[in-house]
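**Student:** Got a structure for you, protein26.pdb, holding PDB, C-alpha atoms and all ligand atoms.
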MODEL        1
ATOM      1  CA  MET A 284     208.884  28.188 -77.141
ATOM      2  CA  GLU A 285     211.902  28.469 -79.431
ATOM      3  CA  ILE A 286     211.136  29.225 -83.092
ATOM      4  CA  VAL A 287     213.699  28.121 -85.630
ATOM      5  CA  GLN A 288     213.665  28.570 -89.396
ATOM      6  CA  GLN A 289     216.800  26.688 -90.358
ATOM      7  CA  ALA A 290     217.595  23.013 -89.979
ATOM      8  CA  SER A 291     221.199  23.921 -89.059
ATOM      9  CA  LEU A 292     219.928  25.789 -85.959
ATOM     10  CA  LEU A 293     217.485  23.032 -85.055
ATOM     11  CA  ARG A 294     220.129  20.358 -84.594
ATOM     12  CA  PRO A 295     222.047  21.874 -81.629
ATOM     13  CA  LEU A 296     218.786  22.466 -79.727
ATOM     14  CA  LEU A 297     217.690  18.869 -80.289
ATOM     15  CA  SER A 298     221.125  17.525 -79.264
ATOM     16  CA  GLY A 299     220.777  19.599 -76.073
ATOM     17  CA  TYR A 300     217.483  17.855 -75.247
ATOM     18  CA  ARG A 301     219.033  14.450 -75.856
ATOM     19  CA  GLU A 302     222.086  15.235 -73.702
ATOM     20  CA  GLN A 303     219.704  16.089 -70.858
ATOM     21  CA  GLY A 304     217.963  12.720 -71.356
ATOM     22  CA  LEU A 305     214.684  14.362 -72.406
ATOM     23  CA  SER A 306     212.342  12.407 -74.686
ATOM     24  CA  CYS A 307     211.015  14.166 -77.799
ATOM     25  CA  GLY A 308     207.593  13.923 -79.440
ATOM     26  CA  PHE A 309     207.224  15.347 -82.951
ATOM     27  CA  VAL A 310     204.093  16.774 -84.594
ATOM     28  CA  PRO A 311     204.564  17.651 -88.287
ATOM     29  CA  THR A 312     201.916  20.063 -89.621
ATOM     30  CA  MET A 313     201.215  22.518 -92.411
ATOM     31  CA  GLY A 314     200.011  25.168 -89.931
ATOM     32  CA  ASN A 315     196.598  26.835 -89.643
ATOM     33  CA  LEU A 316     196.334  24.830 -86.472
ATOM     34  CA  HIS A 317     192.907  23.721 -85.243
ATOM     35  CA  ALA A 318     191.668  21.481 -82.433
ATOM     36  CA  GLY A 319     192.698  18.380 -84.426
ATOM     37  CA  HIS A 320     196.356  19.494 -84.540
ATOM     38  CA  LEU A 321     196.261  20.609 -80.921
ATOM     39  CA  ALA A 322     195.052  17.131 -79.885
ATOM     40  CA  LEU A 323     198.277  15.814 -81.464
ATOM     41  CA  VAL A 324     200.329  18.359 -79.495
ATOM     42  CA  ASP A 325     198.488  17.379 -76.289
ATOM     43  CA  ALA A 326     199.116  13.665 -76.920
ATOM     44  CA  ALA A 327     202.812  14.402 -77.525
ATOM     45  CA  ALA A 328     202.998  16.510 -74.344
ATOM     46  CA  GLU A 329     201.432  13.681 -72.336
ATOM     47  CA  GLN A 330     203.873  11.078 -73.591
ATOM     48  CA  CYS A 331     207.119  13.021 -74.053
ATOM     49  CA  ASP A 332     209.224  15.620 -72.195
ATOM     50  CA  LYS A 333     209.590  17.959 -75.170
ATOM     51  CA  VAL A 334     207.169  18.619 -78.013
ATOM     52  CA  ILE A 335     208.607  19.681 -81.349
ATOM     53  CA  VAL A 336     206.197  20.958 -84.008
ATOM     54  CA  SER A 337     206.954  21.754 -87.637
ATOM     55  CA  ILE A 338     204.912  24.067 -89.826
ATOM     56  CA  PHE A 339     205.714  23.727 -93.494
ATOM     57  CA  VAL A 340     203.263  23.951 -96.377
ATOM     58  CA  ASN A 341     204.986  21.355 -98.504
ATOM     59  CA  PRO A 342     204.779  22.281-102.215
ATOM     60  CA  MET A 343     205.800  18.754-103.209
ATOM     61  CA  GLN A 344     202.495  17.277-102.043
ATOM     62  CA  PHE A 345     200.275  19.692-103.994
ATOM     63  CA  GLY A 346     199.284  19.005-107.603
ATOM     64  CA  PRO A 347     199.474  21.814-110.202
ATOM     65  CA  GLU A 348     195.704  22.430-109.980
ATOM     66  CA  GLU A 349     195.563  22.277-106.164
ATOM     67  CA  ASP A 350     195.317  24.915-103.443
ATOM     68  CA  LEU A 351     199.023  25.516-102.581
ATOM     69  CA  ALA A 352     198.804  29.288-103.164
ATOM     70  CA  SER A 353     195.566  29.711-101.201
ATOM     71  CA  TYR A 354     196.348  27.240 -98.380
ATOM     72  CA  PRO A 355     195.358  29.102 -95.161
ATOM     73  CA  LYS A 356     198.223  30.612 -93.150
ATOM     74  CA  THR A 357     197.761  31.885 -89.575
ATOM     75  CA  PRO A 358     201.295  32.130 -88.104
ATOM     76  CA  GLY A 359     200.410  34.388 -85.139
ATOM     77  CA  ASP A 360     197.482  32.253 -83.971
ATOM     78  CA  ASP A 361     199.525  29.073 -84.497
ATOM     79  CA  GLU A 362     202.364  30.363 -82.293
ATOM     80  CA  LYS A 363     199.946  31.381 -79.545
ATOM     81  CA  ALA A 364     198.136  28.020 -79.573
ATOM     82  CA  LEU A 365     201.396  26.074 -79.511
ATOM     83  CA  ILE A 366     202.660  28.028 -76.498
ATOM     84  CA  GLU A 367     199.333  27.413 -74.707
ATOM     85  CA  HIS A 368     199.588  23.690 -75.422
ATOM     86  CA  GLY A 369     203.151  23.420 -74.126
ATOM     87  CA  ALA A 370     205.205  22.982 -77.315
ATOM     88  CA  SER A 371     208.933  23.579 -76.747
ATOM     89  CA  LEU A 372     210.217  24.086 -80.252
ATOM     90  CA  LEU A 373     208.672  25.188 -83.545
ATOM     91  CA  TYR A 374     210.520  24.524 -86.800
ATOM     92  CA  ARG A 375     208.990  26.801 -89.437
ATOM     93  CA  PRO A 376     211.349  26.754 -92.410
ATOM     94  CA  PRO A 377     211.107  28.663 -95.678
ATOM     95  CA  VAL A 378     210.912  26.423 -98.739
ATOM     96  CA  GLU A 379     214.646  26.948 -99.512
ATOM     97  CA  ASP A 380     215.619  25.334 -96.205
ATOM     98  CA  VAL A 381     213.750  22.162 -97.094
ATOM     99  CA  TYR A 382     214.404  22.033-100.841
ATOM    100  CA  PRO A 383     217.533  24.159-101.500
ATOM    101  CA  LEU A 384     217.646  23.048-105.156
ATOM    102  CA  GLY A 385     213.867  22.931-105.626
ATOM    103  CA  HIS A 386     211.700  19.910-104.973
ATOM    104  CA  ALA A 387     211.914  18.594-108.537
ATOM    105  CA  SER A 388     215.498  17.427-107.892
ATOM    106  CA  GLN A 389     214.802  16.172-104.352
ATOM    107  CA  THR A 390     215.539  12.506-103.543
ATOM    108  CA  ARG A 391     212.145  10.864-103.153
ATOM    109  CA  VAL A 392     210.677   8.327-100.773
ATOM    110  CA  GLU A 393     207.825   6.277-102.174
ATOM    111  CA  VAL A 394     205.706   3.671-100.449
ATOM    112  CA  PRO A 395     204.502   1.606-103.422
ATOM    113  CA  ALA A 396     200.908   0.450-103.969
ATOM    114  CA  LEU A 397     199.472   2.137-100.862
ATOM    115  CA  SER A 398     200.423   5.533-102.406
ATOM    116  CA  ASP A 399     198.446   4.871-105.559
ATOM    117  CA  ILE A 400     195.000   3.874-104.268
ATOM    118  CA  LEU A 401     192.070   5.962-102.917
ATOM    119  CA  CYS A 402     193.364   9.538-102.471
ATOM    120  CA  GLY A 403     196.546   8.560-104.340
ATOM    121  CA  GLU A 404     194.485   7.742-107.408
ATOM    122  CA  SER A 405     192.896  11.199-107.506
ATOM    123  CA  ARG A 406     196.034  13.053-106.401
ATOM    124  CA  PRO A 407     198.949  11.532-108.352
ATOM    125  CA  GLY A 408     202.294  12.201-106.650
ATOM    126  CA  HIS A 409     200.673  13.566-103.491
ATOM    127  CA  PHE A 410     201.824  10.803-101.163
ATOM    128  CA  ILE A 411     205.376  10.785-102.563
ATOM    129  CA  GLY A 412     205.480  14.457-101.519
ATOM    130  CA  VAL A 413     204.203  13.533 -98.062
ATOM    131  CA  THR A 414     206.566  10.622 -97.391
ATOM    132  CA  THR A 415     209.548  12.524 -98.835
ATOM    133  CA  VAL A 416     209.048  15.539 -96.582
ATOM    134  CA  VAL A 417     208.141  13.494 -93.491
ATOM    135  CA  ASN A 418     211.235  11.336 -93.980
ATOM    136  CA  ARG A 419     213.410  14.457 -94.088
ATOM    137  CA  LEU A 420     211.689  15.943 -91.033
ATOM    138  CA  PHE A 421     212.058  12.674 -89.081
ATOM    139  CA  ASN A 422     215.803  12.648 -89.897
ATOM    140  CA  LEU A 423     216.187  16.227 -88.702
ATOM    141  CA  VAL A 424     214.196  15.935 -85.501
ATOM    142  CA  LEU A 425     215.148  12.356 -84.482
ATOM    143  CA  ALA A 426     212.233  12.184 -82.045
ATOM    144  CA  GLU A 427     211.229   8.971 -80.254
ATOM    145  CA  LYS A 428     207.578   9.377 -81.221
ATOM    146  CA  ALA A 429     205.635  11.137 -83.982
ATOM    147  CA  PHE A 430     201.918  11.944 -83.845
ATOM    148  CA  PHE A 431     199.532  11.867 -86.813
ATOM    149  CA  GLY A 432     195.782  12.413 -87.040
ATOM    150  CA  LYS A 433     193.700   9.443 -88.122
ATOM    151  CA  LYS A 434     191.538  11.768 -90.202
ATOM    152  CA  ASP A 435     194.265  11.352 -92.825
ATOM    153  CA  TYR A 436     194.034   7.577 -92.429
ATOM    154  CA  GLN A 437     195.875   6.673 -95.622
ATOM    155  CA  GLN A 438     198.678   9.109 -94.781
ATOM    156  CA  TYR A 439     198.947   7.628 -91.273
ATOM    157  CA  LEU A 440     199.286   4.073 -92.658
ATOM    158  CA  LEU A 441     201.798   5.208 -95.301
ATOM    159  CA  ILE A 442     204.011   6.827 -92.677
ATOM    160  CA  ARG A 443     203.836   3.673 -90.535
ATOM    161  CA  LYS A 444     204.846   1.544 -93.518
ATOM    162  CA  MET A 445     207.701   3.898 -94.467
ATOM    163  CA  VAL A 446     209.032   3.754 -90.906
ATOM    164  CA  SER A 447     208.810  -0.034 -90.842
ATOM    165  CA  ASP A 448     210.284  -0.586 -94.334
ATOM    166  CA  LEU A 449     213.183   1.831 -93.756
ATOM    167  CA  ALA A 450     213.790   0.581 -90.178
ATOM    168  CA  MET A 451     213.461   4.126 -88.869
ATOM    169  CA  ASN A 452     213.827   4.446 -85.135
ATOM    170  CA  ILE A 453     210.583   6.277 -84.381
ATOM    171  CA  GLU A 454     207.180   5.194 -83.097
ATOM    172  CA  VAL A 455     204.229   6.499 -85.142
ATOM    173  CA  ILE A 456     201.158   7.183 -83.041
ATOM    174  CA  GLY A 457     197.687   7.704 -84.541
ATOM    175  CA  VAL A 458     195.366  10.120 -82.755
ATOM    176  CA  ASP A 459     191.576  10.009 -83.164
ATOM    177  CA  THR A 460     189.860  12.572 -85.372
ATOM    178  CA  VAL A 461     188.505  15.640 -83.600
ATOM    179  CA  ARG A 462     184.981  16.556 -84.730
ATOM    180  CA  LEU A 463     182.629  19.482 -84.332
ATOM    181  CA  ASP A 464     179.338  18.689 -82.513
ATOM    182  CA  SER A 465     177.797  18.257 -85.981
ATOM    183  CA  GLY A 466     180.209  15.393 -86.688
ATOM    184  CA  LEU A 467     182.254  17.376 -89.235
ATOM    185  CA  ALA A 468     185.924  16.405 -88.933
ATOM    186  CA  MET A 469     188.244  19.323 -88.132
ATOM    187  CA  SER A 470     190.262  20.300 -91.207
ATOM    188  CA  SER A 471     192.067  23.391 -92.449
ATOM    189  CA  ARG A 472     190.057  23.036 -95.655
ATOM    190  CA  ASN A 473     186.821  23.667 -93.687
ATOM    191  CA  ASN A 474     187.941  27.315 -93.896
ATOM    192  CA  TYR A 475     186.957  27.268 -97.556
ATOM    193  CA  LEU A 476     183.330  26.334 -96.720
ATOM    194  CA  SER A 477     180.500  28.850 -96.324
ATOM    195  CA  ASP A 478     178.242  28.551 -93.227
ATOM    196  CA  SER A 479     175.624  26.600 -95.175
ATOM    197  CA  GLU A 480     178.293  24.329 -96.710
ATOM    198  CA  GLN A 481     179.623  23.570 -93.194
ATOM    199  CA  ILE A 482     176.154  22.266 -92.267
ATOM    200  CA  GLN A 483     175.974  20.236 -95.493
ATOM    201  CA  ALA A 484     179.524  18.909 -94.965
ATOM    202  CA  ALA A 485     178.493  17.272 -91.669
ATOM    203  CA  GLY A 486     176.410  14.860 -93.790
ATOM    204  CA  LEU A 487     179.618  13.068 -94.815
ATOM    205  CA  TYR A 488     180.161  11.612 -91.338
ATOM    206  CA  ARG A 489     176.496  10.556 -91.090
ATOM    207  CA  VAL A 490     176.872   8.591 -94.324
ATOM    208  CA  LEU A 491     180.044   6.904 -92.997
ATOM    209  CA  GLN A 492     178.161   5.965 -89.808
ATOM    210  CA  ASP A 493     175.336   4.469 -91.929
ATOM    211  CA  VAL A 494     177.840   2.394 -93.902
ATOM    212  CA  ALA A 495     179.393   1.008 -90.699
ATOM    213  CA  ARG A 496     175.947   0.220 -89.240
ATOM    214  CA  ASN A 497     174.774  -1.496 -92.445
ATOM    215  CA  TYR A 498     177.941  -3.609 -92.636
ATOM    216  CA  GLN A 499     177.519  -4.616 -89.010
ATOM    217  CA  ALA A 500     173.841  -5.494 -89.584
ATOM    218  CA  ASP A 501     174.921  -7.588 -92.593
ATOM    219  CA  SER A 502     171.489  -7.204 -94.203
ATOM    220  CA  LEU A 503     172.729  -5.885 -97.571
ATOM    221  CA  SER A 504     175.626  -6.916 -99.805
ATOM    222  CA  SER A 505     178.758  -4.803 -99.421
ATOM    223  CA  SER A 506     178.391  -3.364-102.926
ATOM    224  CA  ALA A 507     174.732  -2.471-102.231
ATOM    225  CA  VAL A 508     175.797  -0.644 -99.037
ATOM    226  CA  GLN A 509     178.478   1.292-100.903
ATOM    227  CA  GLN A 510     176.158   2.131-103.833
ATOM    228  CA  ALA A 511     173.472   3.396-101.420
ATOM    229  CA  ALA A 512     176.070   5.514 -99.608
ATOM    230  CA  LEU A 513     177.303   7.081-102.858
ATOM    231  CA  ALA A 514     173.696   7.893-103.812
ATOM    232  CA  GLU A 515     173.121   9.465-100.380
ATOM    233  CA  LEU A 516     176.276  11.596-100.713
ATOM    234  CA  GLU A 517     174.996  12.902-104.059
ATOM    235  CA  LYS A 518     171.590  13.613-102.540
ATOM    236  CA  ILE A 519     173.242  15.761 -99.855
ATOM    237  CA  GLY A 520     174.962  17.752-102.605
ATOM    238  CA  PHE A 521     178.448  16.230-102.657
ATOM    239  CA  LYS A 522     180.286  15.110-105.758
ATOM    240  CA  PRO A 523     181.812  11.874-104.463
ATOM    241  CA  ASP A 524     185.395  11.088-105.459
ATOM    242  CA  TYR A 525     185.326   7.680-103.756
ATOM    243  CA  LEU A 526     183.731   5.823-100.873
ATOM    244  CA  SER A 527     185.216   2.464-100.018
ATOM    245  CA  VAL A 528     185.337  -0.062 -97.193
ATOM    246  CA  ARG A 529     188.842  -1.433 -96.618
ATOM    247  CA  ARG A 530     190.890  -3.358 -94.086
ATOM    248  CA  GLN A 531     192.274  -1.177 -91.307
ATOM    249  CA  SER A 532     195.710  -2.776 -91.507
ATOM    250  CA  ASP A 533     196.653  -2.129 -95.155
ATOM    251  CA  LEU A 534     193.654  -0.572 -96.945
ATOM    252  CA  ASN A 535     193.245  -3.628 -99.155
ATOM    253  CA  GLU A 536     189.734  -4.806-100.054
ATOM    254  CA  PRO A 537     188.348  -6.878 -97.161
ATOM    255  CA  ARG A 538     188.300 -10.654 -97.467
ATOM    256  CA  THR A 539     185.905 -13.041 -95.714
ATOM    257  CA  GLY A 540     186.900 -13.194 -92.064
ATOM    258  CA  ASP A 541     188.432  -9.699 -91.904
ATOM    259  CA  LEU A 542     186.910  -8.064 -88.848
ATOM    260  CA  LYS A 543     188.707  -4.729 -88.535
ATOM    261  CA  LEU A 544     187.454  -2.430 -91.268
ATOM    262  CA  VAL A 545     187.443   1.252 -92.120
ATOM    263  CA  VAL A 546     185.164   3.160 -94.452
ATOM    264  CA  LEU A 547     186.956   5.997 -96.232
ATOM    265  CA  ALA A 548     185.530   8.706 -98.455
ATOM    266  CA  ALA A 549     186.596  11.771-100.390
ATOM    267  CA  VAL A 550     183.996  14.182-101.737
ATOM    268  CA  TRP A 551     183.833  17.561-103.403
ATOM    269  CA  LEU A 552     181.580  20.225-101.974
ATOM    270  CA  GLY A 553     181.727  23.026-104.532
ATOM    271  CA  SER A 554     185.454  23.548-105.086
ATOM    272  CA  THR A 555     186.496  22.056-101.719
ATOM    273  CA  ARG A 556     187.702  18.462-101.426
ATOM    274  CA  LEU A 557     186.906  16.869 -98.060
ATOM    275  CA  ILE A 558     188.029  13.495 -96.708
ATOM    276  CA  ASP A 559     186.874  11.499 -93.721
ATOM    277  CA  ASN A 560     186.816   7.919 -92.470
ATOM    278  CA  LEU A 561     185.406   5.719 -89.718
ATOM    279  CA  GLU A 562     186.974   2.577 -88.253
ATOM    280  CA  PHE A 563     184.581  -0.198 -87.279
ATOM    281  CA  ASP A 564     184.674  -3.852 -86.223
ATOM    282  CA  LEU A 565     182.547  -6.752 -87.389
ATOM    283  CA  ALA A 566     181.281  -9.377 -84.931
TER
HETATM  284  O1  LIG B   1     199.056  16.124 -92.679
HETATM  285  C1  LIG B   1     199.735  17.115 -92.986
HETATM  286  O2  LIG B   1     199.530  18.240 -92.535
HETATM  287  C2  LIG B   1     200.889  16.948 -93.981
HETATM  288  O3  LIG B   1     200.581  16.014 -94.960
HETATM  289  C3  LIG B   1     202.235  16.609 -93.302
HETATM  290  C4  LIG B   1     202.181  15.266 -92.583
HETATM  291  C5  LIG B   1     202.608  17.700 -92.319
HETATM  292  C6  LIG B   1     203.350  16.512 -94.352
HETATM  293  O4  LIG B   1     203.497  17.720 -95.055
ENDMDL
END
Would you write the structure of this file as C-alpha cells?
**Tutor:**
Amino acid sequence: MEIVQQASLLRPLLSGYREQGLSCGFVPTMGNLHAGHLALVDAAAEQCDKVIVSIFVNPMQFGPEEDLASYPKTPGDDEKALIEHGASLLYRPPVEDVYPLGHASQTRVEVPALSDILCGESRPGHFIGVTTVVNRLFNLVLAEKAFFGKKDYQQYLLIRKMVSDLAMNIEVIGVDTVRLDSGLAMSSRNNYLSDSEQIQAAGLYRVLQDVARNYQADSLSSSAVQQAALAELEKIGFKPDYLSVRRQSDLNEPRTGDLKLVVLAAVWLGSTRLIDNLEFDLA
C-alpha cells in the first residue's frame, strides 16, 4: 500500500491507475479504523480494482466545543488493517495540504435545508465542513465509486445530494452499519465510553427497534411512539438530543402513504454524543 501525504503526489498515482484501465473505489475516513470502516474498504475492494482510503481529521467539521483535539488517532493500527483489507493507496495529509490558507478562508460547499436539521441543528456548520472536505477529496481522487456508512445516515444523504446537485461523476454507495453483538453501532466515539457505559449504550439500538416495531404495529400515534421512546432513552440514562422518524429519501417528516422510513436519534451518554438509526418499511 502506497502512503501519500500530499495531493500533488496523489495525482500521478491515480492517473497511473486510470491509464491502466483500473477502476477506483474511494473510502474517506477520519482514521481510528474499526470494523465499520473496514466493511467500507471490503465493499470497495469487491466492486473496484483499486481501493483508495483517506484519513484526515477534518477541523472544519468540528465545533469550538467539540472533540477535535481528543479525537482518537491510531495511525499504526490503521495502516496494518488497511493492508490486510487490500487497500492500494492511503492519502493521509497534514492539515496544511487540505487547507493551505486555513479552513476559515476555504471555499465552501453547502447542501441547504438537509444540513440544518437533526444533527445539523445541534452541530451548526458541521455538515458544511463535511461536504466541503468530501467535495475536495472527490475532486482529488476522481474515483468511480465512494463508500459511506449508513450509521451516519444524514451525512450519507447529504453527500448523495451534493453529488447529484453538482453533477459530480461518482456513484455514492451506502454500506450497512456494523454492530457489536449487543447491537451497539461501531463508532470511533465508543472509545470514550467506559465498560459499563458500553453496555448502557447498546440500549439506544433497542429503543430504535421498539420505535420501528410500534410504527409497524400502528397501535399508537406517531407522536406517542416518539414520546415513549424519548422517555425510555432517559430511563436508560441517556440525555436525548433528538429522536425522530423521517422519510428515508430526504429526511423530511413522513406524510400519509410514505412507506420507507428511518428512525434517527442522537443522545448524550455522559460527555459522549452517540448517533444511530434504523431503516424500516411500513406495509
Ligand atoms: O464520516 C466521516 O468520517 C467524516 O465525516 C468524513 C466523511 C471522512 C469527512 O471528513
**Student:** Nearest to ligand LIG 1 (chain B): which of A:Thr415, A:Ser388, A:Ser405, A:Ser298 is it, counting all atoms listed in the file?
**Tutor:**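 Selected residue with least distance to ligand LIG 1 (chain B): A:Thr415.
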**Student:** Which residues are close to Cys307 (chain A), i.e. within 6 Å by all atoms listed in the file, leaving aside same-chain residues fewer than 6 positions away? Reply as a count of residues only.
**Tutor:** 5
**Student:** If the PyMOL selection byres (((not hetatm)) within 10 of (chain B and resi 1)) were run on this exact file, what residues would it hold? Put them as a compact mmCIF listing (two decimals) with C-alpha atoms, keeping the file's coordinate frame.
**Tutor:**
# COMPACT_ATOMS: atom_id res chain seq x y z
CA VAL A 310 204.09 16.77 -84.59
CA PRO A 311 204.56 17.65 -88.29
CA THR A 312 201.92 20.06 -89.62
CA MET A 313 201.22 22.52 -92.41
CA GLY A 314 200.01 25.17 -89.93
CA ASN A 315 196.60 26.84 -89.64
CA LEU A 316 196.33 24.83 -86.47
CA HIS A 320 196.36 19.49 -84.54
CA VAL A 336 206.20 20.96 -84.01
CA SER A 337 206.95 21.75 -87.64
CA ILE A 338 204.91 24.07 -89.83
CA PHE A 339 205.71 23.73 -93.49
CA VAL A 340 203.26 23.95 -96.38
CA ASN A 341 204.99 21.36 -98.50
CA PRO A 342 204.78 22.28 -102.22
CA MET A 343 205.80 18.75 -103.21
CA GLN A 344 202.50 17.28 -102.04
CA PHE A 345 200.28 19.69 -103.99
CA HIS A 409 200.67 13.57 -103.49
CA PHE A 410 201.82 10.80 -101.16
CA GLY A 412 205.48 14.46 -101.52
CA VAL A 413 204.20 13.53 -98.06
CA THR A 414 206.57 10.62 -97.39
CA THR A 415 209.55 12.52 -98.84
CA VAL A 416 209.05 15.54 -96.58
CA VAL A 417 208.14 13.49 -93.49
CA ASN A 418 211.24 11.34 -93.98
CA LEU A 420 211.69 15.94 -91.03
CA PHE A 430 201.92 11.94 -83.84
CA PHE A 431 199.53 11.87 -86.81
CA GLY A 432 195.78 12.41 -87.04
CA LYS A 433 193.70 9.44 -88.12
CA LYS A 434 191.54 11.77 -90.20
CA ASP A 435 194.26 11.35 -92.82
CA TYR A 436 194.03 7.58 -92.43
CA GLN A 438 198.68 9.11 -94.78
CA TYR A 439 198.95 7.63 -91.27
CA ILE A 442 204.01 6.83 -92.68
CA SER A 470 190.26 20.30 -91.21
CA SER A 471 192.07 23.39 -92.45
**Student:** Would you write out, as a short mmCIF file (atom, residue, chain, number, x, y, z; two decimals) with C-alpha atoms, keeping the file's coordinate frame, every residue that the PyMOL selection byres (((chain A and resi 462) around 12) and not hetatm) captures in this file?
**Tutor:**
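After the write, expr28.cif holds the following:
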data_model
loop_
_atom_site.label_atom_id
_atom_site.label_comp_id
_atom_site.auth_asym_id
_atom_site.auth_seq_id
_atom_site.Cartn_x
_atom_site.Cartn_y
_atom_site.Cartn_z
CA HIS A 317 192.91 23.72 -85.24
CA ALA A 318 191.67 21.48 -82.43
CA GLY A 319 192.70 18.38 -84.43
CA HIS A 320 196.36 19.49 -84.54
CA ALA A 322 195.05 17.13 -79.89
CA GLY A 432 195.78 12.41 -87.04
CA LYS A 433 193.70 9.44 -88.12
CA LYS A 434 191.54 11.77 -90.20
CA ASP A 459 191.58 10.01 -83.16
CA THR A 460 189.86 12.57 -85.37
CA VAL A 461 188.50 15.64 -83.60
CA LEU A 463 182.63 19.48 -84.33
CA ASP A 464 179.34 18.69 -82.51
CA SER A 465 177.80 18.26 -85.98
CA GLY A 466 180.21 15.39 -86.69
CA LEU A 467 182.25 17.38 -89.24
CA ALA A 468 185.92 16.40 -88.93
CA MET A 469 188.24 19.32 -88.13
CA SER A 470 190.26 20.30 -91.21
CA ASN A 473 186.82 23.67 -93.69
CA ALA A 484 179.52 18.91 -94.96
CA ALA A 485 178.49 17.27 -91.67
CA LEU A 487 179.62 13.07 -94.82
CA TYR A 488 180.16 11.61 -91.34
CA ASP A 559 186.87 11.50 -93.72
CA ASN A 560 186.82 7.92 -92.47
CA LEU A 561 185.41 5.72 -89.72
#
**Student:** Please write the residues picked by the PyMOL selection byres (((chain A and resi 297) around 9) and not hetatm) on this file as a list of chain:residue names.
**Tutor:** A:Leu293, A:Arg294, A:Pro295, A:Leu296, A:Ser298, A:Gly299, A:Tyr300, A:Arg301, A:Glu302, A:Cys307, A:Leu423, A:Val424, A:Leu425, A:Ala426
**Student:** Using C-alpha atoms, can you export the residues from the last selection as an mmCIF file, in the coordinates of the input?
**Tutor:**
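Dumped everything to selection.cif:
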data_model
loop_
_atom_site.group_PDB
_atom_site.id
_atom_site.type_symbol
_atom_site.label_atom_id
_atom_site.label_comp_id
_atom_site.auth_asym_id
_atom_site.auth_seq_id
_atom_site.Cartn_x
_atom_site.Cartn_y
_atom_site.Cartn_z
ATOM 1 C CA LEU A 293 217.485 23.032 -85.055
ATOM 2 C CA ARG A 294 220.129 20.358 -84.594
ATOM 3 C CA PRO A 295 222.047 21.874 -81.629
ATOM 4 C CA LEU A 296 218.786 22.466 -79.727
ATOM 5 C CA SER A 298 221.125 17.525 -79.264
ATOM 6 C CA GLY A 299 220.777 19.599 -76.073
ATOM 7 C CA TYR A 300 217.483 17.855 -75.247
ATOM 8 C CA ARG A 301 219.033 14.450 -75.856
ATOM 9 C CA GLU A 302 222.086 15.235 -73.702
ATOM 10 C CA CYS A 307 211.015 14.166 -77.799
ATOM 11 C CA LEU A 423 216.187 16.227 -88.702
ATOM 12 C CA VAL A 424 214.196 15.935 -85.501
ATOM 13 C CA LEU A 425 215.148 12.356 -84.482
ATOM 14 C CA ALA A 426 212.233 12.184 -82.045
#
**Student:** Just to confirm, what's the straight-line distance from CA of Glu367 (chain A) to CA of Ala328 (chain A) in Å (one decimal)?
**Tutor:**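 CA of Glu367 (chain A) sits 11.5 Å away from CA of Ala328 (chain A).
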**Student:** Which is closest to Pro376 (chain A) among A:Leu542, A:Ala495, A:Ala290, A:Ile482, if we use all atoms listed in the file?
**Tutor:** A:Ala290
**Student:** Excluding Pro395 (chain A) and its own-chain neighbours fewer than 6 positions away, which residues fall within 10 Å of it when counting all atoms listed in the file? Please give them as a ChimeraX atom specification.
**Tutor:** /A:410-411,441,444-445
**Student:** Mind writing the picked residues with C-alpha atoms as a compact mmCIF listing (two decimals), in the coordinates of the input?
**Tutor:**
# COMPACT_ATOMS: atom_id res chain seq x y z
CA PHE A 410 201.82 10.80 -101.16
CA ILE A 411 205.38 10.78 -102.56
CA LEU A 441 201.80 5.21 -95.30
CA LYS A 444 204.85 1.54 -93.52
CA MET A 445 207.70 3.90 -94.47
